[in-house]
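Asker: Take a look at this one; I'll ask things after.
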Amino acid sequence: MRRAVKRLRAQPAGWEPVRSGGHTPARRWIVTLEDGRTAFAKVATDELTASWLRDEHVVYQHLLGAPFVPGYLGYHDDGEHPVLALEDLSAGTWPPPWDAAGISALLASLEQMWATAPPPGTAVATDDAREIAGGWDEIARAPEPFLWLGLCSEPWLSGNLEALQVAADVAAFEGDALLHFDVRSDNVCFRADDGRAVLIDWNLTSVGNPQVDVVFWLPSLEAEGGPAPETVLPDADPGLVSTCAAFFCARAARPPVPTAPTVREVQLLQARTALPWAARVLGLPPPT
């Protein structure tokens, strides 16, 4: 921890664990320095979180000074448990609830992000989409876990699954914009001074169609009391919307993740709004 914040030229004097918000198994701390300043520190707990922090470090180094990321303070990697130190955003506002100003602020930050050159070697969204788009095929092979969620009836699924499968389109992910690829409320903070939206958790960045970030955010926005997706993105690509619904529906039906036990619950909330949205976009009857 001390090495991660050494550039601040002050020693840590206290550590307060962060227990709310987010679904990462990494340990998170608010560190108080001896001069009274504070910092946010994220510490890897296993090989997976270590790889995430290393990826994030590369992105933060590349985006230094960008208005849509927290301030970068330092990093230390002992080869096993990397530590990433960032600006403390505790004084900011974390949605939900959402309002029109917050939605506009996030869209403005996303526009800035999409116009930013990605780090060299950033993954291509179409590669990630091949796994994401397989959700309908996964449900077709074994529909029972999905049907147990109660999102639709068996007759509705049987009558509309093929249309959903046909609509899901990997090519819709193609583009050259820098994507966050994990936009949702727990990864968004509005600064206390000017209300600007800041995005955190940069371990899934990719290059692709800007609509990807918005389409995959909107189901959670509606689930958290925000407007229907069509209100924010009336011209959403049907291929992306179907693929988005496939992802959340298939993931929500999978067994719980031991290191992130709340993830399936969050995915189910998103599936409850993503599936009806896909049906509306494709002209299918509402899920019953």
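Residue numbering restarts at 1 for every chain of the structure tokens, chains are lettered A, B, ... in their displayed order, and ligands are numbered from 1 as they appear.
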Taking only region 200-260 of chain A into account, list the residues labelled helix (DSSP H, G or I) by DSSP (computed from the backbone), as a ChimeraX atom specification.

Answerer: /A:211-223,229-232,238-252

Asker: Can you list, as an MDAnalysis selection string, every protein, DNA or RNA residue that comes within 12 Å of Val183 (chain A) when you count only C-alpha atoms, leaving out same-chain residues fewer than 5 positions away?

Answerer: chainID A and resid 22 106:107 109:110 188:189 197:205 210:221

Asker: Got time to write the residues from that selection, N, CA, C and O atoms, as an mmCIF file, in the first residue's frame?

Answerer:
data_model
loop_
_atom_site.group_PDB
_atom_site.id
_atom_site.type_symbol
_atom_site.label_atom_id
_atom_site.label_comp_id
_atom_site.auth_asym_id
_atom_site.auth_seq_id
_atom_site.Cartn_x
_atom_site.Cartn_y
_atom_site.Cartn_z
ATOM 1 N N GLY A 22 -20.463 -2.057 -5.796
ATOM 2 C CA GLY A 22 -19.579 -2.897 -6.589
ATOM 3 C C GLY A 22 -19.743 -4.376 -6.302
ATOM 4 O O GLY A 22 -20.348 -4.774 -5.301
ATOM 5 N N LEU A 106 -23.712 11.386 -17.911
ATOM 6 C CA LEU A 106 -23.049 10.131 -18.271
ATOM 7 C C LEU A 106 -22.898 10.013 -19.780
ATOM 8 O O LEU A 106 -21.847 9.618 -20.284
ATOM 9 N N LEU A 107 -23.941 10.354 -20.523
ATOM 10 C CA LEU A 107 -23.850 10.295 -21.986
ATOM 11 C C LEU A 107 -22.755 11.229 -22.506
ATOM 12 O O LEU A 107 -22.032 10.888 -23.449
ATOM 13 N N SER A 109 -19.991 12.093 -20.891
ATOM 14 C CA SER A 109 -18.702 11.461 -20.592
ATOM 15 C C SER A 109 -18.420 10.306 -21.542
ATOM 16 O O SER A 109 -17.276 10.094 -21.959
ATOM 17 N N LEU A 110 -19.463 9.544 -21.874
ATOM 18 C CA LEU A 110 -19.283 8.452 -22.820
ATOM 19 C C LEU A 110 -18.857 8.989 -24.190
ATOM 20 O O LEU A 110 -17.992 8.399 -24.855
ATOM 21 N N VAL A 188 -20.289 4.192 -11.900
ATOM 22 C CA VAL A 188 -20.467 5.603 -12.272
ATOM 23 C C VAL A 188 -20.539 6.457 -11.012
ATOM 24 O O VAL A 188 -21.236 6.120 -10.053
ATOM 25 N N CYS A 189 -19.813 7.567 -11.021
ATOM 26 C CA CYS A 189 -19.881 8.538 -9.927
ATOM 27 C C CYS A 189 -19.991 9.936 -10.524
ATOM 28 O O CYS A 189 -19.339 10.246 -11.530
ATOM 29 N N ALA A 197 -19.751 13.104 -14.863
ATOM 30 C CA ALA A 197 -19.765 11.658 -14.661
ATOM 31 C C ALA A 197 -18.368 11.075 -14.840
ATOM 32 O O ALA A 197 -17.683 11.362 -15.824
ATOM 33 N N VAL A 198 -17.967 10.271 -13.867
ATOM 34 C CA VAL A 198 -16.677 9.591 -13.890
ATOM 35 C C VAL A 198 -16.933 8.089 -13.891
ATOM 36 O O VAL A 198 -17.781 7.594 -13.131
ATOM 37 N N LEU A 199 -16.213 7.370 -14.729
ATOM 38 C CA LEU A 199 -16.358 5.918 -14.823
ATOM 39 C C LEU A 199 -15.203 5.237 -14.115
ATOM 40 O O LEU A 199 -14.040 5.646 -14.239
ATOM 41 N N ILE A 200 -15.507 4.168 -13.384
ATOM 42 C CA ILE A 200 -14.478 3.391 -12.698
ATOM 43 C C ILE A 200 -14.499 1.956 -13.219
ATOM 44 O O ILE A 200 -15.335 1.591 -14.041
ATOM 45 N N ASP A 201 -13.558 1.144 -12.744
ATOM 46 C CA ASP A 201 -13.427 -0.270 -13.123
ATOM 47 C C ASP A 201 -13.184 -0.419 -14.632
ATOM 48 O O ASP A 201 -14.091 -0.726 -15.405
ATOM 49 N N TRP A 202 -11.930 -0.267 -15.008
ATOM 50 C CA TRP A 202 -11.540 -0.243 -16.419
ATOM 51 C C TRP A 202 -10.822 -1.518 -16.846
ATOM 52 O O TRP A 202 -9.891 -1.467 -17.652
ATOM 53 N N ASN A 203 -11.256 -2.665 -16.378
ATOM 54 C CA ASN A 203 -10.558 -3.910 -16.720
ATOM 55 C C ASN A 203 -11.155 -4.633 -17.919
ATOM 56 O O ASN A 203 -10.644 -5.669 -18.329
ATOM 57 N N LEU A 204 -12.246 -4.103 -18.494
ATOM 58 C CA LEU A 204 -12.911 -4.787 -19.609
ATOM 59 C C LEU A 204 -12.917 -3.949 -20.885
ATOM 60 O O LEU A 204 -13.692 -4.240 -21.798
ATOM 61 N N THR A 205 -12.079 -2.960 -20.979
ATOM 62 C CA THR A 205 -12.107 -2.062 -22.132
ATOM 63 C C THR A 205 -11.923 -2.815 -23.446
ATOM 64 O O THR A 205 -11.241 -3.838 -23.511
ATOM 65 N N PRO A 210 -19.932 2.363 -30.436
ATOM 66 C CA PRO A 210 -20.293 3.121 -29.233
ATOM 67 C C PRO A 210 -21.638 2.706 -28.640
ATOM 68 O O PRO A 210 -21.833 2.816 -27.417
ATOM 69 N N GLN A 211 -22.568 2.239 -29.464
ATOM 70 C CA GLN A 211 -23.871 1.846 -28.929
ATOM 71 C C GLN A 211 -23.774 0.704 -27.917
ATOM 72 O O GLN A 211 -24.681 0.532 -27.097
ATOM 73 N N VAL A 212 -22.700 -0.065 -27.962
ATOM 74 C CA VAL A 212 -22.558 -1.196 -27.044
ATOM 75 C C VAL A 212 -22.654 -0.716 -25.600
ATOM 76 O O VAL A 212 -23.378 -1.295 -24.771
ATOM 77 N N ASP A 213 -21.921 0.343 -25.256
ATOM 78 C CA ASP A 213 -21.931 0.834 -23.879
ATOM 79 C C ASP A 213 -23.315 1.292 -23.446
ATOM 80 O O ASP A 213 -23.714 1.085 -22.294
ATOM 81 N N VAL A 214 -24.058 1.918 -24.345
ATOM 82 C CA VAL A 214 -25.375 2.433 -23.992
ATOM 83 C C VAL A 214 -26.397 1.297 -23.909
ATOM 84 O O VAL A 214 -27.195 1.229 -22.961
ATOM 85 N N VAL A 215 -26.393 0.415 -24.894
ATOM 86 C CA VAL A 215 -27.368 -0.683 -24.919
ATOM 87 C C VAL A 215 -27.234 -1.555 -23.677
ATOM 88 O O VAL A 215 -28.248 -1.948 -23.068
ATOM 89 N N PHE A 216 -26.017 -1.860 -23.254
ATOM 90 C CA PHE A 216 -25.836 -2.725 -22.093
ATOM 91 C C PHE A 216 -26.040 -1.985 -20.772
ATOM 92 O O PHE A 216 -26.187 -2.626 -19.733
ATOM 93 N N TRP A 217 -26.072 -0.657 -20.796
ATOM 94 C CA TRP A 217 -26.370 0.117 -19.595
ATOM 95 C C TRP A 217 -27.870 0.289 -19.388
ATOM 96 O O TRP A 217 -28.369 0.250 -18.250
ATOM 97 N N LEU A 218 -28.639 0.469 -20.463
ATOM 98 C CA LEU A 218 -30.032 0.890 -20.343
ATOM 99 C C LEU A 218 -30.941 -0.087 -19.581
ATOM 100 O O LEU A 218 -31.850 0.364 -18.880
ATOM 101 N N PRO A 219 -30.766 -1.416 -19.681
ATOM 102 C CA PRO A 219 -31.628 -2.282 -18.862
ATOM 103 C C PRO A 219 -31.488 -2.019 -17.367
ATOM 104 O O PRO A 219 -32.488 -2.026 -16.630
ATOM 105 N N SER A 220 -30.271 -1.770 -16.891
ATOM 106 C CA SER A 220 -30.110 -1.486 -15.462
ATOM 107 C C SER A 220 -30.650 -0.105 -15.126
ATOM 108 O O SER A 220 -31.174 0.113 -14.026
ATOM 109 N N LEU A 221 -30.535 0.841 -16.059
ATOM 110 C CA LEU A 221 -31.096 2.175 -15.811
ATOM 111 C C LEU A 221 -32.593 2.086 -15.569
ATOM 112 O O LEU A 221 -33.118 2.658 -14.603
#

Asker: Just to confirm, what's the straight-line distance from CA of Arg130 (chain A) to CA of Leu269 (chain A) in Å (one decimal)?

Answerer: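 Calculated distance between CA of Arg130 (chain A) and CA of Leu269 (chain A) is 22.9 Å.
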
Asker: Using only C-alpha atoms, pick whichever of A:Ala10, A:Ala279, A:Ala115, A:Val241 has the shortest atom-to-atom distance to Gly159 (chain A).

Answerer: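 Among the listed residues, the smallest separation from Gly159 (chain A) belongs to A:Ala279.
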
Asker: Between A:Phe68, A:Phe181, A:Phe248, A:Trp52, which residue has the minimum interatomic distance to Ala105 (chain A), considering only C-alpha atoms?

Answerer: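 Answer, going by the shortest atom-to-atom distance: A:Phe68.
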
Asker: For Ala250 (chain A), which residue out of A:Pro25, A:Pro120, A:Gly79, A:Gly134 is the nearest one, using only C-alpha atoms?

Answerer: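 Closest candidate: A:Gly134.
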
Asker: Select from region 97-244 of chain A everything DSSP, run on the backbone, classes as strand (DSSP E or B), then give the selection as an NGL selection string.

Answerer: :A and (123-124 or 177-179 or 188-190 or 197-199 or 206-208)

Asker: Save out the residues we just selected, C-alpha atoms, as a short mmCIF file (atom, residue, chain, number, x, y, z; two decimals), in the first residue's frame.

Answerer:
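Saved file again16.cif follows:
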data_model
loop_
_atom_site.label_atom_id
_atom_site.label_comp_id
_atom_site.auth_asym_id
_atom_site.auth_seq_id
_atom_site.Cartn_x
_atom_site.Cartn_y
_atom_site.Cartn_z
CA ALA A 123 -9.26 -6.06 -27.21
CA VAL A 124 -11.75 -5.94 -30.07
CA ALA A 177 -14.43 3.66 -30.42
CA LEU A 178 -12.91 3.10 -27.00
CA LEU A 179 -15.54 1.23 -24.95
CA VAL A 188 -20.47 5.60 -12.27
CA CYS A 189 -19.88 8.54 -9.93
CA PHE A 190 -20.94 12.17 -10.32
CA ALA A 197 -19.77 11.66 -14.66
CA VAL A 198 -16.68 9.59 -13.89
CA LEU A 199 -16.36 5.92 -14.82
CA SER A 206 -12.43 -2.86 -25.81
CA VAL A 207 -12.74 -1.21 -29.21
CA GLY A 208 -16.09 -1.29 -30.99
#

Asker: Report as a tab-separated table: every residue of region 66-131 of chain A with an atom at most 6 Å from region 26-49 of chain A, its closest pair of atoms, and their distance in Å to one decimal, counting only C-alpha atoms, with rows sorted by chain and ascending residue number.

Answerer:
residue	atom	partner	partner_atom	distance
A:His81	CA	A:Ala44	CA	4.9
A:Pro82	CA	A:Ala44	CA	5.6
A:Val83	CA	A:Val43	CA	4.6
A:Leu84	CA	A:Lys42	CA	5.3
A:Ala85	CA	A:Ala41	CA	4.4
A:Leu86	CA	A:Phe40	CA	5.1
A:Glu87	CA	A:Ala39	CA	5.3
A:Asp88	CA	A:Ala39	CA	4.6

Asker: Grab the CA of Pro287 (chain A) to CA of Trp148 (chain A) distance for me, in Å with one decimal place.

Answerer: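 These two atoms are separated by 14.0 Å.
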
Asker: At what distance in Å, to one decimal, does CA of Pro119 (chain A) lie from CA of Val59 (chain A)?

Answerer: 6.5 Å

Asker: Which residues come within 9 Å of Leu151 (chain A), counting only C-alpha atoms, excluding same-chain residues fewer than 4 positions away, as a ChimeraX atom specification?

Answerer: /A:146-147,249,271-272,275,287-288

Asker: For the residues in that selection, give me all heavy atoms as a short mmCIF file (atom, residue, chain, number, x, y, z; two decimals), in the first residue's frame.

Answerer:
data_model
loop_
_atom_site.label_atom_id
_atom_site.label_comp_id
_atom_site.auth_asym_id
_atom_site.auth_seq_id
_atom_site.Cartn_x
_atom_site.Cartn_y
_atom_site.Cartn_z
N PHE A 146 -33.36 -21.12 -17.34
CA PHE A 146 -33.86 -19.79 -17.70
C PHE A 146 -35.34 -19.67 -17.39
O PHE A 146 -35.80 -18.66 -16.83
CB PHE A 146 -33.61 -19.52 -19.18
CG PHE A 146 -34.35 -18.33 -19.71
CD1 PHE A 146 -34.03 -17.05 -19.30
CD2 PHE A 146 -35.42 -18.49 -20.59
CE1 PHE A 146 -34.73 -15.95 -19.77
CE2 PHE A 146 -36.12 -17.40 -21.07
CZ PHE A 146 -35.78 -16.12 -20.66
N LEU A 147 -36.14 -20.68 -17.72
CA LEU A 147 -37.57 -20.61 -17.48
C LEU A 147 -37.88 -20.52 -15.99
O LEU A 147 -38.87 -19.91 -15.59
CB LEU A 147 -38.27 -21.83 -18.09
CG LEU A 147 -38.32 -21.84 -19.63
CD1 LEU A 147 -38.82 -23.19 -20.13
CD2 LEU A 147 -39.20 -20.71 -20.15
N CYS A 249 -30.07 -12.76 -19.79
CA CYS A 249 -30.98 -13.89 -19.54
C CYS A 249 -30.20 -15.17 -19.28
O CYS A 249 -30.52 -15.94 -18.36
CB CYS A 249 -31.93 -14.07 -20.72
SG CYS A 249 -33.19 -12.78 -20.85
N ALA A 271 -32.05 -8.55 -16.80
CA ALA A 271 -32.79 -9.41 -17.74
C ALA A 271 -34.28 -9.06 -17.74
O ALA A 271 -34.94 -9.14 -18.78
CB ALA A 271 -32.60 -10.88 -17.36
N ARG A 272 -34.81 -8.65 -16.59
CA ARG A 272 -36.24 -8.34 -16.50
C ARG A 272 -36.63 -7.14 -17.37
O ARG A 272 -37.78 -7.02 -17.77
CB ARG A 272 -36.60 -8.06 -15.04
CG ARG A 272 -36.68 -9.31 -14.18
CD ARG A 272 -37.03 -8.99 -12.75
NE ARG A 272 -37.15 -10.20 -11.96
CZ ARG A 272 -36.77 -10.29 -10.69
NH1 ARG A 272 -36.25 -9.23 -10.08
NH2 ARG A 272 -36.92 -11.42 -10.03
N LEU A 275 -35.20 -8.22 -21.69
CA LEU A 275 -36.00 -9.13 -22.52
C LEU A 275 -37.23 -8.43 -23.11
O LEU A 275 -37.47 -8.52 -24.32
CB LEU A 275 -36.40 -10.37 -21.72
CG LEU A 275 -37.17 -11.44 -22.50
CD1 LEU A 275 -36.35 -11.95 -23.68
CD2 LEU A 275 -37.56 -12.60 -21.57
N PRO A 287 -43.20 -10.68 -23.43
CA PRO A 287 -43.00 -11.93 -22.67
C PRO A 287 -44.13 -12.11 -21.67
O PRO A 287 -44.52 -11.17 -20.99
CB PRO A 287 -41.65 -11.73 -21.98
CG PRO A 287 -40.98 -10.65 -22.76
CD PRO A 287 -42.06 -9.76 -23.28
N THR A 288 -44.63 -13.34 -21.59
CA THR A 288 -45.74 -13.61 -20.67
C THR A 288 -45.28 -14.60 -19.62
O THR A 288 -44.40 -15.43 -19.88
CB THR A 288 -46.92 -14.20 -21.44
OG1 THR A 288 -46.50 -15.35 -22.18
CG2 THR A 288 -47.46 -13.17 -22.42
#

Asker: Which residue is closest to Thr122 (chain A)? Choose from A:Glu56, A:Leu89, A:Ala100, A:Ala140 and count only C-alpha atoms.

Answerer: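 Going through A:Glu56, A:Leu89, A:Ala100, A:Ala140 one by one, the smallest distance to Thr122 (chain A) is for A:Glu56.
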
Asker: Neighbouring residues of Ala260 (chain A) were defined as those with any atom within 10 Å, considering only C-alpha atoms; residues of the same chain fewer than 2 positions away were excluded. Please report them as a count of residues only.

Answerer: 11

Asker: Pick out the residues sitting within 8 Å of Ala168 (chain A), and hand them over as an mmCIF file with N, CA, C and O atoms, in the first residue's frame; count only C-alpha atoms, and ignore anything fewer than 3 positions along from it in its own chain.

Answerer:
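Once everything was written out, this is out-v3.cif:
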data_model
loop_
_atom_site.group_PDB
_atom_site.id
_atom_site.type_symbol
_atom_site.label_atom_id
_atom_site.label_comp_id
_atom_site.auth_asym_id
_atom_site.auth_seq_id
_atom_site.Cartn_x
_atom_site.Cartn_y
_atom_site.Cartn_z
ATOM 1 N N ALA A 133 -22.931 -13.249 -27.395
ATOM 2 C CA ALA A 133 -24.037 -13.536 -28.302
ATOM 3 C C ALA A 133 -24.513 -14.973 -28.223
ATOM 4 O O ALA A 133 -25.550 -15.311 -28.782
ATOM 5 N N LEU A 164 -35.194 -14.349 -31.762
ATOM 6 C CA LEU A 164 -34.167 -13.733 -30.920
ATOM 7 C C LEU A 164 -32.776 -14.195 -31.339
ATOM 8 O O LEU A 164 -31.831 -13.395 -31.390
ATOM 9 N N GLN A 165 -32.635 -15.487 -31.650
ATOM 10 C CA GLN A 165 -31.342 -16.022 -32.090
ATOM 11 C C GLN A 165 -30.906 -15.391 -33.404
ATOM 12 O O GLN A 165 -29.740 -15.011 -33.570
ATOM 13 N N PRO A 238 -31.003 -3.412 -33.408
ATOM 14 C CA PRO A 238 -31.712 -4.618 -32.951
ATOM 15 C C PRO A 238 -30.775 -5.773 -32.628
ATOM 16 O O PRO A 238 -31.034 -6.543 -31.695
ATOM 17 N N GLY A 239 -29.677 -5.886 -33.382
ATOM 18 C CA GLY A 239 -28.724 -6.952 -33.104
ATOM 19 C C GLY A 239 -28.078 -6.810 -31.742
ATOM 20 O O GLY A 239 -27.881 -7.802 -31.019
ATOM 21 N N LEU A 240 -27.765 -5.574 -31.356
ATOM 22 C CA LEU A 240 -27.183 -5.338 -30.039
ATOM 23 C C LEU A 240 -28.203 -5.575 -28.933
ATOM 24 O O LEU A 240 -27.879 -6.150 -27.887
ATOM 25 N N VAL A 241 -29.439 -5.133 -29.150
ATOM 26 C CA VAL A 241 -30.471 -5.297 -28.121
ATOM 27 C C VAL A 241 -30.753 -6.774 -27.869
ATOM 28 O O VAL A 241 -30.860 -7.219 -26.720
ATOM 29 N N SER A 242 -30.872 -7.569 -28.932
ATOM 30 C CA SER A 242 -31.104 -9.005 -28.759
ATOM 31 C C SER A 242 -29.917 -9.674 -28.077
ATOM 32 O O SER A 242 -30.081 -10.534 -27.204
ATOM 33 N N THR A 243 -28.709 -9.274 -28.468
ATOM 34 C CA THR A 243 -27.509 -9.847 -27.861
ATOM 35 C C THR A 243 -27.415 -9.477 -26.392
ATOM 36 O O THR A 243 -27.021 -10.291 -25.548
ATOM 37 N N ALA A 246 -29.828 -11.586 -24.513
ATOM 38 C CA ALA A 246 -29.293 -12.946 -24.445
ATOM 39 C C ALA A 246 -28.269 -13.076 -23.332
ATOM 40 O O ALA A 246 -28.259 -14.058 -22.576
#

Asker: Name the closest residue to Gly92 (chain A) among the candidates A:Gly150, A:Gly195, A:Gly175, A:Pro276; distances are taken between atoms, counting only C-alpha atoms.

Answerer: A:Gly195
